[in-house]
>>> print(open('run-v3.cif').read())   # mmCIF, C-alpha atoms (C1' of nucleotides)
data_input
loop_
_atom_site.group_PDB
_atom_site.id
_atom_site.type_symbol
_atom_site.label_atom_id
_atom_site.label_comp_id
_atom_site.auth_asym_id
_atom_site.auth_seq_id
_atom_site.Cartn_x
_atom_site.Cartn_y
_atom_site.Cartn_z
ATOM 1 C CA MET B 1 36.399 9.981 -11.667
ATOM 2 C CA ASP B 2 39.405 10.507 -13.857
ATOM 3 C CA ASP B 3 42.305 11.557 -11.683
ATOM 4 C CA SER B 4 44.883 8.776 -11.701
ATOM 5 C CA THR B 5 46.347 9.969 -8.396
ATOM 6 C CA GLU B 6 43.019 9.377 -6.730
ATOM 7 C CA TYR B 7 42.600 6.204 -4.722
ATOM 8 C CA LEU B 8 40.273 3.761 -6.399
ATOM 9 C CA HIS B 9 38.094 3.400 -3.434
ATOM 10 C CA ALA B 10 40.098 2.841 -0.296
ATOM 11 C CA HIS B 11 40.655 5.881 1.837
ATOM 12 C CA GLN B 12 44.302 5.028 1.847
ATOM 13 C CA GLU B 13 45.537 7.844 4.037
ATOM 14 C CA LEU B 14 43.080 6.982 6.775
ATOM 15 C CA VAL B 15 43.876 3.298 6.513
ATOM 16 C CA ASP B 16 47.601 3.982 6.781
ATOM 17 C CA ARG B 17 47.213 6.297 9.738
ATOM 18 C CA VAL B 18 45.067 3.837 11.642
ATOM 19 C CA LYS B 19 47.444 1.049 10.805
ATOM 20 C CA GLU B 20 50.200 2.900 12.617
ATOM 21 C CA ASP B 21 48.167 3.384 15.754
ATOM 22 C CA LEU B 22 47.196 -0.264 15.892
ATOM 23 C CA PRO B 23 48.905 -2.452 18.516
ATOM 24 C CA GLU B 24 51.049 -5.332 17.325
ATOM 25 C CA ASP B 25 49.145 -8.164 15.756
ATOM 26 C CA GLU B 26 50.377 -10.491 18.450
ATOM 27 C CA VAL B 27 49.095 -8.249 21.220
ATOM 28 C CA LEU B 28 45.647 -8.141 19.701
ATOM 29 C CA TYR B 29 45.744 -11.886 19.308
ATOM 30 C CA ASP B 30 46.576 -12.304 22.981
ATOM 31 C CA LEU B 31 43.850 -9.846 23.836
ATOM 32 C CA ALA B 32 41.314 -11.953 21.974
ATOM 33 C CA GLU B 33 42.598 -15.049 23.762
ATOM 34 C CA LEU B 34 42.057 -13.298 27.074
ATOM 35 C CA PHE B 35 38.499 -12.296 26.261
ATOM 36 C CA LYS B 36 37.786 -15.771 24.972
ATOM 37 C CA ILE B 37 38.190 -16.856 28.585
ATOM 38 C CA PHE B 38 35.472 -14.451 29.671
ATOM 39 C CA GLY B 39 33.272 -15.594 26.808
ATOM 40 C CA ASP B 40 31.783 -18.644 28.447
ATOM 41 C CA SER B 41 29.101 -18.545 31.096
ATOM 42 C CA THR B 42 30.698 -21.196 33.295
ATOM 43 C CA ARG B 43 33.972 -19.325 33.359
ATOM 44 C CA VAL B 44 32.350 -15.941 33.815
ATOM 45 C CA LYS B 45 30.452 -17.301 36.776
ATOM 46 C CA LEU B 46 33.636 -18.768 38.200
ATOM 47 C CA LEU B 47 35.382 -15.441 37.873
ATOM 48 C CA TYR B 48 32.509 -13.525 39.375
ATOM 49 C CA ILE B 49 32.261 -15.921 42.307
ATOM 50 C CA LEU B 50 35.976 -15.703 42.919
ATOM 51 C CA SER B 51 35.736 -11.927 42.848
ATOM 52 C CA LEU B 52 33.482 -12.293 45.884
ATOM 53 C CA SER B 53 35.445 -14.920 47.756
ATOM 54 C CA GLU B 54 38.144 -17.504 47.528
ATOM 55 C CA MET B 55 36.568 -20.944 47.188
ATOM 56 C CA CYS B 56 37.421 -24.627 46.814
ATOM 57 C CA VAL B 57 36.726 -26.702 43.719
ATOM 58 C CA PHE B 58 34.021 -28.777 45.333
ATOM 59 C CA ASP B 59 32.038 -25.732 46.423
ATOM 60 C CA LEU B 60 32.476 -24.088 43.059
ATOM 61 C CA ALA B 61 31.037 -27.149 41.367
ATOM 62 C CA GLN B 62 28.093 -27.197 43.729
ATOM 63 C CA LEU B 63 27.428 -23.485 43.294
ATOM 64 C CA LEU B 64 27.525 -23.749 39.520
ATOM 65 C CA GLY B 65 25.614 -26.993 39.335
ATOM 66 C CA VAL B 66 28.151 -28.707 37.137
ATOM 67 C CA THR B 67 30.502 -31.622 37.707
ATOM 68 C CA GLN B 68 33.778 -31.320 39.549
ATOM 69 C CA SER B 69 35.520 -32.325 36.375
ATOM 70 C CA ALA B 70 34.004 -29.501 34.356
ATOM 71 C CA VAL B 71 35.016 -26.950 36.957
ATOM 72 C CA SER B 72 38.503 -28.349 37.149
ATOM 73 C CA HIS B 73 38.930 -28.156 33.402
ATOM 74 C CA GLN B 74 37.773 -24.562 33.366
ATOM 75 C CA LEU B 75 39.940 -23.578 36.300
ATOM 76 C CA ARG B 76 42.822 -24.921 34.297
ATOM 77 C CA ALA B 77 42.017 -22.457 31.538
ATOM 78 C CA LEU B 78 41.783 -19.628 34.049
ATOM 79 C CA LYS B 79 45.118 -20.631 35.526
ATOM 80 C CA ALA B 80 46.735 -20.698 32.100
ATOM 81 C CA SER B 81 45.571 -17.122 31.540
ATOM 82 C CA LYS B 82 46.921 -16.081 34.926
ATOM 83 C CA LEU B 83 43.485 -14.968 36.018
ATOM 84 C CA VAL B 84 43.406 -17.068 39.159
ATOM 85 C CA ARG B 85 45.826 -18.295 41.770
ATOM 86 C CA TYR B 86 45.368 -21.189 44.158
ATOM 87 C CA ARG B 87 46.633 -22.654 47.366
ATOM 88 C CA ARG B 88 46.360 -26.182 48.668
ATOM 89 C CA GLU B 89 45.179 -26.945 52.174
ATOM 90 C CA GLY B 90 45.271 -30.646 52.805
ATOM 91 C CA LYS B 91 43.132 -32.369 50.216
ATOM 92 C CA THR B 92 41.376 -29.160 49.342
ATOM 93 C CA VAL B 93 42.477 -26.580 46.790
ATOM 94 C CA PHE B 94 41.260 -23.020 47.124
ATOM 95 C CA TYR B 95 41.095 -20.735 44.134
ATOM 96 C CA ALA B 96 41.088 -16.947 44.139
ATOM 97 C CA LEU B 97 41.410 -14.142 41.619
ATOM 98 C CA ALA B 98 44.956 -13.336 40.635
ATOM 99 C CA ASP B 99 44.432 -9.581 40.565
ATOM 100 C CA GLY B 100 41.959 -6.736 40.378
ATOM 101 C CA HIS B 101 41.745 -6.375 36.615
ATOM 102 C CA VAL B 102 39.285 -9.180 36.395
ATOM 103 C CA ARG B 103 36.666 -7.462 38.472
ATOM 104 C CA THR B 104 37.125 -4.240 36.520
ATOM 105 C CA ILE B 105 36.641 -6.048 33.239
ATOM 106 C CA LEU B 106 33.561 -7.833 34.542
ATOM 107 C CA ASP B 107 32.083 -4.573 35.813
ATOM 108 C CA GLN B 108 32.640 -2.774 32.524
ATOM 109 C CA GLY B 109 30.949 -5.631 30.747
ATOM 110 C CA LEU B 110 28.047 -5.584 33.170
ATOM 111 C CA GLU B 111 27.576 -1.895 32.563
ATOM 112 C CA HIS B 112 27.202 -2.559 28.875
ATOM 113 C CA VAL B 113 24.896 -5.504 29.368
ATOM 114 C CA GLU B 114 22.630 -3.800 31.867
ATOM 115 C CA GLU B 115 21.476 -0.892 29.769
ATOM 116 C CA MET A 1 35.091 -35.387 62.750
ATOM 117 C CA ASP A 2 32.086 -36.361 64.796
ATOM 118 C CA ASP A 3 29.766 -33.402 65.029
ATOM 119 C CA SER A 4 26.580 -34.150 63.126
ATOM 120 C CA THR A 5 25.830 -30.439 62.686
ATOM 121 C CA GLU A 6 29.049 -30.027 60.730
ATOM 122 C CA TYR A 7 28.788 -29.887 56.960
ATOM 123 C CA LEU A 8 30.254 -32.912 55.250
ATOM 124 C CA HIS A 9 32.606 -30.982 53.153
ATOM 125 C CA ALA A 10 30.920 -28.055 51.504
ATOM 126 C CA HIS A 11 31.380 -24.773 53.298
ATOM 127 C CA GLN A 12 27.675 -24.291 53.083
ATOM 128 C CA GLU A 13 27.452 -20.928 54.749
ATOM 129 C CA LEU A 14 30.003 -19.424 52.412
ATOM 130 C CA VAL A 15 28.344 -20.977 49.405
ATOM 131 C CA ASP A 16 24.970 -19.592 50.419
ATOM 132 C CA ARG A 17 26.315 -16.130 51.092
ATOM 133 C CA VAL A 18 28.084 -15.945 47.751
ATOM 134 C CA LYS A 19 25.027 -17.283 46.002
ATOM 135 C CA GLU A 20 23.071 -14.280 47.230
ATOM 136 C CA ASP A 21 25.603 -11.780 45.982
ATOM 137 C CA LEU A 22 25.726 -13.364 42.543
ATOM 138 C CA PRO A 23 23.944 -11.540 39.690
ATOM 139 C CA GLU A 24 21.026 -13.266 38.006
ATOM 140 C CA ASP A 25 21.975 -16.252 35.929
ATOM 141 C CA GLU A 26 20.632 -14.548 32.837
ATOM 142 C CA VAL A 27 22.786 -11.485 33.380
ATOM 143 C CA LEU A 28 25.913 -13.585 33.653
ATOM 144 C CA TYR A 29 24.880 -15.441 30.547
ATOM 145 C CA ASP A 30 24.516 -12.166 28.643
ATOM 146 C CA LEU A 31 27.840 -11.061 30.018
ATOM 147 C CA ALA A 32 29.507 -14.161 28.625
ATOM 148 C CA GLU A 33 27.813 -13.548 25.292
ATOM 149 C CA LEU A 34 29.233 -10.036 25.277
ATOM 150 C CA PHE A 35 32.769 -11.175 25.983
ATOM 151 C CA LYS A 36 32.431 -13.893 23.399
ATOM 152 C CA ILE A 37 32.332 -11.062 20.888
ATOM 153 C CA PHE A 38 35.666 -9.752 22.109
ATOM 154 C CA GLY A 39 37.078 -13.273 22.066
ATOM 155 C CA ASP A 40 38.036 -13.420 18.429
ATOM 156 C CA SER A 41 41.024 -11.677 16.933
ATOM 157 C CA THR A 42 39.204 -10.452 13.852
ATOM 158 C CA ARG A 43 36.511 -8.841 15.956
ATOM 159 C CA VAL A 44 38.923 -7.444 18.505
ATOM 160 C CA LYS A 45 40.863 -5.838 15.684
ATOM 161 C CA LEU A 46 37.670 -4.444 14.226
ATOM 162 C CA LEU A 47 36.723 -2.973 17.574
ATOM 163 C CA TYR A 48 40.151 -1.532 18.158
ATOM 164 C CA ILE A 49 40.255 0.011 14.701
ATOM 165 C CA LEU A 50 36.827 1.519 15.166
ATOM 166 C CA SER A 51 37.940 2.932 18.497
ATOM 167 C CA LEU A 52 40.453 4.942 16.485
ATOM 168 C CA SER A 53 38.235 5.977 13.618
ATOM 169 C CA GLU A 54 35.006 5.347 11.842
ATOM 170 C CA MET A 55 35.651 3.285 8.737
ATOM 171 C CA CYS A 56 33.926 1.660 5.779
ATOM 172 C CA VAL A 57 33.658 -2.067 5.207
ATOM 173 C CA PHE A 58 36.014 -2.144 2.277
ATOM 174 C CA ASP A 59 38.797 -0.395 4.188
ATOM 175 C CA LEU A 60 38.257 -2.608 7.207
ATOM 176 C CA ALA A 61 38.668 -5.672 5.041
ATOM 177 C CA GLN A 62 41.849 -4.321 3.513
ATOM 178 C CA LEU A 63 43.304 -3.333 6.871
ATOM 179 C CA LEU A 64 42.595 -6.749 8.348
ATOM 180 C CA GLY A 65 43.628 -8.666 5.280
ATOM 181 C CA VAL A 66 40.476 -10.712 5.125
ATOM 182 C CA THR A 67 37.620 -10.901 2.660
ATOM 183 C CA GLN A 68 34.809 -8.380 2.567
ATOM 184 C CA SER A 69 32.428 -11.173 3.361
ATOM 185 C CA ALA A 70 34.248 -12.144 6.538
ATOM 186 C CA VAL A 71 34.242 -8.568 7.773
ATOM 187 C CA SER A 72 30.613 -8.149 6.942
ATOM 188 C CA HIS A 73 29.693 -11.273 8.870
ATOM 189 C CA GLN A 74 31.623 -10.101 11.882
ATOM 190 C CA LEU A 75 30.201 -6.603 11.737
ATOM 191 C CA ARG A 76 26.830 -8.248 11.871
ATOM 192 C CA ALA A 77 27.759 -9.859 15.170
ATOM 193 C CA LEU A 78 29.023 -6.541 16.500
ATOM 194 C CA LYS A 79 25.808 -4.878 15.434
ATOM 195 C CA ALA A 80 23.728 -7.557 17.143
ATOM 196 C CA SER A 81 25.589 -6.856 20.387
ATOM 197 C CA LYS A 82 25.036 -3.134 19.975
ATOM 198 C CA LEU A 83 28.753 -2.521 19.989
ATOM 199 C CA VAL A 84 28.799 -0.616 16.715
ATOM 200 C CA ARG A 85 26.568 1.759 14.825
ATOM 201 C CA TYR A 86 26.687 2.570 11.140
ATOM 202 C CA ARG A 87 25.608 5.104 8.604
ATOM 203 C CA ARG A 88 25.237 4.766 4.899
ATOM 204 C CA GLU A 89 26.718 7.274 2.487
ATOM 205 C CA GLY A 90 25.859 6.333 -1.048
ATOM 206 C CA LYS A 91 27.114 2.863 -1.725
ATOM 207 C CA THR A 92 29.416 2.987 1.230
ATOM 208 C CA VAL A 93 28.603 2.036 4.810
ATOM 209 C CA PHE A 94 30.651 3.498 7.619
ATOM 210 C CA TYR A 95 30.912 1.748 10.931
ATOM 211 C CA ALA A 96 31.800 3.279 14.288
ATOM 212 C CA LEU A 97 31.769 2.281 17.922
ATOM 213 C CA ALA A 98 28.408 2.562 19.584
ATOM 214 C CA ASP A 99 29.775 3.913 22.848
ATOM 215 C CA GLY A 100 32.789 4.338 25.068
ATOM 216 C CA HIS A 101 32.526 1.125 27.058
ATOM 217 C CA VAL A 102 34.224 -0.788 24.311
ATOM 218 C CA ARG A 103 37.442 1.136 24.534
ATOM 219 C CA THR A 104 37.465 0.841 28.310
ATOM 220 C CA ILE A 105 37.030 -2.911 28.112
ATOM 221 C CA LEU A 106 39.762 -3.210 25.502
ATOM 222 C CA ASP A 107 42.128 -1.106 27.586
ATOM 223 C CA GLN A 108 41.534 -3.121 30.725
ATOM 224 C CA GLY A 109 42.227 -6.262 28.758
ATOM 225 C CA LEU A 110 45.388 -4.794 27.302
ATOM 226 C CA GLU A 111 46.613 -3.916 30.761
ATOM 227 C CA HIS A 112 46.274 -7.535 31.757
ATOM 228 C CA VAL A 113 47.883 -8.845 28.601
ATOM 229 C CA GLU A 114 50.826 -6.478 28.663
ATOM 230 C CA GLU A 115 52.324 -7.434 31.978
ATOM 231 C "C1'" DA U 1 50.179 -50.138 53.223
ATOM 232 C "C1'" DT U 2 45.485 -49.261 52.255
ATOM 233 C "C1'" DA U 3 41.185 -46.905 52.193
ATOM 234 C "C1'" DA U 4 38.806 -42.641 51.418
ATOM 235 C "C1'" DC U 5 38.379 -38.310 49.551
ATOM 236 C "C1'" DA U 6 39.605 -33.922 46.641
ATOM 237 C "C1'" DA U 7 41.251 -32.484 42.483
ATOM 238 C "C1'" DA U 8 43.382 -33.053 37.859
ATOM 239 C "C1'" DT U 9 43.698 -35.120 33.444
ATOM 240 C "C1'" DG U 10 42.797 -37.626 28.917
ATOM 241 C "C1'" DA U 11 39.753 -39.364 25.442
ATOM 242 C "C1'" DA U 12 35.608 -38.919 22.999
ATOM 243 C "C1'" DC U 13 31.837 -36.638 21.154
ATOM 244 C "C1'" DA U 14 28.116 -33.180 20.295
ATOM 245 C "C1'" DA U 15 27.562 -28.353 19.613
ATOM 246 C "C1'" DA U 16 29.150 -23.885 18.324
ATOM 247 C "C1'" DT U 17 32.139 -20.974 15.523
ATOM 248 C "C1'" DG U 18 34.385 -18.489 11.601
ATOM 249 C "C1'" DC U 19 35.745 -18.827 7.192
ATOM 250 C "C1'" DT U 20 34.987 -19.155 1.942
ATOM 251 C "C1'" DC U 21 32.196 -19.252 -2.084
ATOM 252 C "C1'" DA U 22 28.190 -17.970 -4.483
ATOM 253 C "C1'" DT U 23 24.466 -15.039 -4.658
ATOM 254 C "C1'" DA U 24 21.317 -11.293 -3.312
ATOM 255 C "C1'" DT U 25 20.361 -6.506 -2.033
ATOM 256 C "C1'" DG U 26 21.012 -1.644 -2.252
ATOM 257 C "C1'" DT U 27 22.812 2.484 -4.504
ATOM 258 C "C1'" DT U 28 24.644 5.435 -8.199
ATOM 259 C "C1'" DC U 29 25.464 6.707 -12.846
ATOM 260 C "C1'" DT U 30 24.628 6.630 -17.758
ATOM 261 C "C1'" DA E 1 16.374 -0.037 -17.616
ATOM 262 C "C1'" DG E 2 21.078 -1.857 -17.139
ATOM 263 C "C1'" DA E 3 25.923 -1.838 -15.701
ATOM 264 C "C1'" DA E 4 29.076 -1.276 -11.993
ATOM 265 C "C1'" DC E 5 30.167 -1.159 -7.361
ATOM 266 C "C1'" DA E 6 29.660 -1.696 -2.021
ATOM 267 C "C1'" DT E 7 27.736 -4.424 1.257
ATOM 268 C "C1'" DA E 8 24.894 -8.237 3.171
ATOM 269 C "C1'" DT E 9 23.428 -12.872 3.507
ATOM 270 C "C1'" DG E 10 22.988 -18.092 3.139
ATOM 271 C "C1'" DA E 11 24.930 -22.627 2.745
ATOM 272 C "C1'" DG E 12 28.559 -25.661 3.520
ATOM 273 C "C1'" DC E 13 32.572 -27.171 5.821
ATOM 274 C "C1'" DA E 14 36.722 -27.589 8.738
ATOM 275 C "C1'" DT E 15 38.076 -26.337 13.270
ATOM 276 C "C1'" DT E 16 37.482 -25.226 17.973
ATOM 277 C "C1'" DT E 17 35.145 -25.691 22.283
ATOM 278 C "C1'" DG E 18 32.897 -27.505 26.552
ATOM 279 C "C1'" DT E 19 31.042 -31.316 28.577
ATOM 280 C "C1'" DT E 20 30.892 -36.107 30.454
ATOM 281 C "C1'" DC E 21 32.955 -40.444 31.757
ATOM 282 C "C1'" DA E 22 36.768 -43.038 33.322
ATOM 283 C "C1'" DT E 23 41.029 -42.899 35.357
ATOM 284 C "C1'" DT E 24 45.069 -40.933 37.755
ATOM 285 C "C1'" DT E 25 47.412 -38.067 41.077
ATOM 286 C "C1'" DG E 26 47.911 -36.063 45.583
ATOM 287 C "C1'" DT E 27 46.795 -35.907 50.507
ATOM 288 C "C1'" DT E 28 45.133 -37.562 55.025
ATOM 289 C "C1'" DA E 29 43.877 -40.957 58.404
ATOM 290 C "C1'" DT E 30 43.675 -45.652 60.004
#
>>> encode(input="run-v3.cif", output="structure tokens")
Amino acid sequence: MDDSTEYLHAHQELVDRVKEDLPEDEVLYDLAELFKIFGDSTRVKLLYILSLSEMCVFDLAQLLGVTQSAVSHQLRALKASKLVRYRREGKTVFYALADGHVRTILDQGLEHVEE
Amino acid sequence: MDDSTEYLHAHQELVDRVKEDLPEDEVLYDLAELFKIFGDSTRVKLLYILSLSEMCVFDLAQLLGVTQSAVSHQLRALKASKLVRYRREGKTVFYALADGHVRTILDQGLEHVEE
DNA sequence: ATAACAAATGAACAAATGCTCATATGTTCT
DNA sequence: AGAACATATGAGCATTTGTTCATTTGTTAT
């Protein structure tokens, strides 16, 4: 080790190249925020259930064995991430998945988990 | 509302049917644990970087602008979830993605985020 | 208008998380 | 063996998170 043009340790060229190919910081932040939603068993169950069928809050709570309040709070998070949509029918509110991505993401995850 | 055979509120048949199609509780729990890993911007960046190239701890820390310790702690979590593998070369340890699922999951997430 | 029910919301609190700092382990070179 | 360097680990701490309880909002029926 004597060459002053040599990088101390960091493989600077590699680092620079990768840095260029990296998405914007903000995008990766949003990505993490999205996955954070999937990173809770109550919410994952909600999403999986809704991938099977639209369902009302009361039934969701019963199916999950948690309070209506807990479900409602979590649905709020899912709504904020645009993962679910809902429609009101009288006193009842039915939730459903917003689009197909969700199921794809869940399935990819399941593939990893189930090996 | 008079029929005694009618369910009070819960759409019991639907609930029961969905319940059958739902994966084991433990599987969904593991699934949430997996996504929890993706639900942090430091880790998501790590995973994205490693999807582009294998890299050593020092360089990862530099690229992310965090301490070596922080990266090391997070790599530990990634290791525990079998998302990365590593090889030692002298004093240096190089990390890489364990398999292709990771990139697929990231890409699906990005699709959702970028609309 | 009032009662009854479904869902949403706010406050509070326990548990989990991610960072930093200090230190330990592992490896190479002299 | 000892110094120097790369990485890993443990403890401590501030912050975030998910739940429950109490209350409010929205809707229907009397």
>>> resolve_selection(input="run-v3.cif", expression="the PyMOL selection byres ((chain A and resi 46-56) around 6)", output="list in words")
Arg43, Val44, Lys45, Val57, Phe58, Asp59, Val93, Phe94, Tyr95, Ala96 and Leu97 of chain A
>>> interface_residues(input="run-v3.cif", of="chain E", to="chain A", cutoff="9 Å", atoms="all atoms listed in the file", output="MDAnalysis selection string")
chainID E and resid 5:9
>>> resolve_selection(input="run-v3.cif", expression="the PyMOL selection byres ((chain B and resi 40) around 10)", output="short mmCIF file (atom, residue, chain, number, x, y, z; two decimals) with C-alpha atoms (C1' of nucleotides), in the frame of the given file")
data_model
loop_
_atom_site.label_atom_id
_atom_site.label_comp_id
_atom_site.auth_asym_id
_atom_site.auth_seq_id
_atom_site.Cartn_x
_atom_site.Cartn_y
_atom_site.Cartn_z
CA PHE B 35 38.50 -12.30 26.26
CA LYS B 36 37.79 -15.77 24.97
CA ILE B 37 38.19 -16.86 28.58
CA PHE B 38 35.47 -14.45 29.67
CA GLY B 39 33.27 -15.59 26.81
CA SER B 41 29.10 -18.55 31.10
CA THR B 42 30.70 -21.20 33.30
CA ARG B 43 33.97 -19.32 33.36
CA VAL B 44 32.35 -15.94 33.82
CA LYS B 45 30.45 -17.30 36.78
CA LEU B 46 33.64 -18.77 38.20
CA GLN B 74 37.77 -24.56 33.37
CA LEU A 28 25.91 -13.58 33.65
CA TYR A 29 24.88 -15.44 30.55
CA ASP A 30 24.52 -12.17 28.64
CA LEU A 31 27.84 -11.06 30.02
CA ALA A 32 29.51 -14.16 28.62
CA GLU A 33 27.81 -13.55 25.29
CA LEU A 34 29.23 -10.04 25.28
CA PHE A 35 32.77 -11.18 25.98
CA LYS A 36 32.43 -13.89 23.40
CA GLY A 39 37.08 -13.27 22.07
"C1'" DT E 17 35.15 -25.69 22.28
"C1'" DG E 18 32.90 -27.50 26.55
#
>>> interface_residues(input="run-v3.cif", of="chain U", to="chain B", cutoff="12 Å", atoms="only C-alpha atoms (C1' of nucleotides)", output="list in words")
DA4, DC5, DA6, DA7, DA8, DT9, DG10, DA16 and DC29 of chain U
>>> write_last_selection(input="run-v3.cif", atoms="C-alpha atoms (C1' of nucleotides)", output="mmCIF file, keeping the file's coordinate frame")
data_model
loop_
_atom_site.group_PDB
_atom_site.id
_atom_site.type_symbol
_atom_site.label_atom_id
_atom_site.label_comp_id
_atom_site.auth_asym_id
_atom_site.auth_seq_id
_atom_site.Cartn_x
_atom_site.Cartn_y
_atom_site.Cartn_z
ATOM 1 C "C1'" DA U 4 38.806 -42.641 51.418
ATOM 2 C "C1'" DC U 5 38.379 -38.310 49.551
ATOM 3 C "C1'" DA U 6 39.605 -33.922 46.641
ATOM 4 C "C1'" DA U 7 41.251 -32.484 42.483
ATOM 5 C "C1'" DA U 8 43.382 -33.053 37.859
ATOM 6 C "C1'" DT U 9 43.698 -35.120 33.444
ATOM 7 C "C1'" DG U 10 42.797 -37.626 28.917
ATOM 8 C "C1'" DA U 16 29.150 -23.885 18.324
ATOM 9 C "C1'" DC U 29 25.464 6.707 -12.846
#
>>> atom_distance(input="run-v3.cif", atom1="atom C1' of DC19 of chain U", atom2="atom CA of Ala70 of chain A")
6.9 Å
>>> atom_distance(input="run-v3.cif", atom1="atom C1' of DT17 of chain U", atom2="atom CA of Leu83 of chain A")
19.3 Å
>>> atom_distance(input="run-v3.cif", atom1="atom CA of Val113 of chain A", atom2="atom CA of Ala98 of chain B")
13.2 Å
>>> residues_near_point(input="run-v3.cif", point="(29.0, 0.9, 26.2)", cutoff="9 Å", atoms="all atoms listed in the file", output="list in words")
Gln108, Gly109, Glu111, His112, Val113 and Glu115 of chain B; Lys82, Leu83, Leu97, Ala98, Asp99, Gly100, His101, Val102, Arg103 and Thr104 of chain A
>>> build_atoms(input="run-v3.cif", residues="segment 99-111 of chain B", atoms="N, CA and C atoms", output="PDB file, keeping the file's coordinate frame")
ATOM      1  N   ASP B  99      44.282 -11.033  40.377  1.00  0.00           N
ATOM      2  CA  ASP B  99      44.432  -9.581  40.565  1.00  0.00           C
ATOM      3  C   ASP B  99      43.112  -8.859  40.328  1.00  0.00           C
ATOM      4  N   GLY B 100      43.171  -7.543  40.421  1.00  0.00           N
ATOM      5  CA  GLY B 100      41.959  -6.736  40.378  1.00  0.00           C
ATOM      6  C   GLY B 100      41.400  -6.460  38.988  1.00  0.00           C
ATOM      7  N   HIS B 101      42.216  -6.646  37.966  1.00  0.00           N
ATOM      8  CA  HIS B 101      41.745  -6.375  36.615  1.00  0.00           C
ATOM      9  C   HIS B 101      40.446  -7.093  36.314  1.00  0.00           C
ATOM     10  N   VAL B 102      40.418  -8.331  36.737  1.00  0.00           N
ATOM     11  CA  VAL B 102      39.285  -9.180  36.395  1.00  0.00           C
ATOM     12  C   VAL B 102      37.973  -8.517  36.792  1.00  0.00           C
ATOM     13  N   ARG B 103      37.916  -8.061  38.020  1.00  0.00           N
ATOM     14  CA  ARG B 103      36.666  -7.462  38.472  1.00  0.00           C
ATOM     15  C   ARG B 103      36.336  -6.209  37.656  1.00  0.00           C
ATOM     16  N   THR B 104      37.352  -5.439  37.327  1.00  0.00           N
ATOM     17  CA  THR B 104      37.125  -4.240  36.520  1.00  0.00           C
ATOM     18  C   THR B 104      36.543  -4.605  35.159  1.00  0.00           C
ATOM     19  N   ILE B 105      37.124  -5.616  34.549  1.00  0.00           N
ATOM     20  CA  ILE B 105      36.641  -6.048  33.239  1.00  0.00           C
ATOM     21  C   ILE B 105      35.187  -6.524  33.347  1.00  0.00           C
ATOM     22  N   LEU B 106      34.923  -7.338  34.344  1.00  0.00           N
ATOM     23  CA  LEU B 106      33.561  -7.833  34.542  1.00  0.00           C
ATOM     24  C   LEU B 106      32.585  -6.658  34.718  1.00  0.00           C
ATOM     25  N   ASP B 107      32.976  -5.698  35.543  1.00  0.00           N
ATOM     26  CA  ASP B 107      32.083  -4.573  35.813  1.00  0.00           C
ATOM     27  C   ASP B 107      31.812  -3.735  34.567  1.00  0.00           C
ATOM     28  N   GLN B 108      32.842  -3.508  33.773  1.00  0.00           N
ATOM     29  CA  GLN B 108      32.640  -2.774  32.524  1.00  0.00           C
ATOM     30  C   GLN B 108      31.669  -3.512  31.627  1.00  0.00           C
ATOM     31  N   GLY B 109      31.850  -4.815  31.562  1.00  0.00           N
ATOM     32  CA  GLY B 109      30.949  -5.631  30.747  1.00  0.00           C
ATOM     33  C   GLY B 109      29.530  -5.545  31.267  1.00  0.00           C
ATOM     34  N   LEU B 110      29.385  -5.643  32.568  1.00  0.00           N
ATOM     35  CA  LEU B 110      28.047  -5.584  33.170  1.00  0.00           C
ATOM     36  C   LEU B 110      27.366  -4.258  32.852  1.00  0.00           C
ATOM     37  N   GLU B 111      28.149  -3.201  32.889  1.00  0.00           N
ATOM     38  CA  GLU B 111      27.576  -1.895  32.563  1.00  0.00           C
ATOM     39  C   GLU B 111      26.978  -1.901  31.161  1.00  0.00           C
TER      40      GLU B 111
END
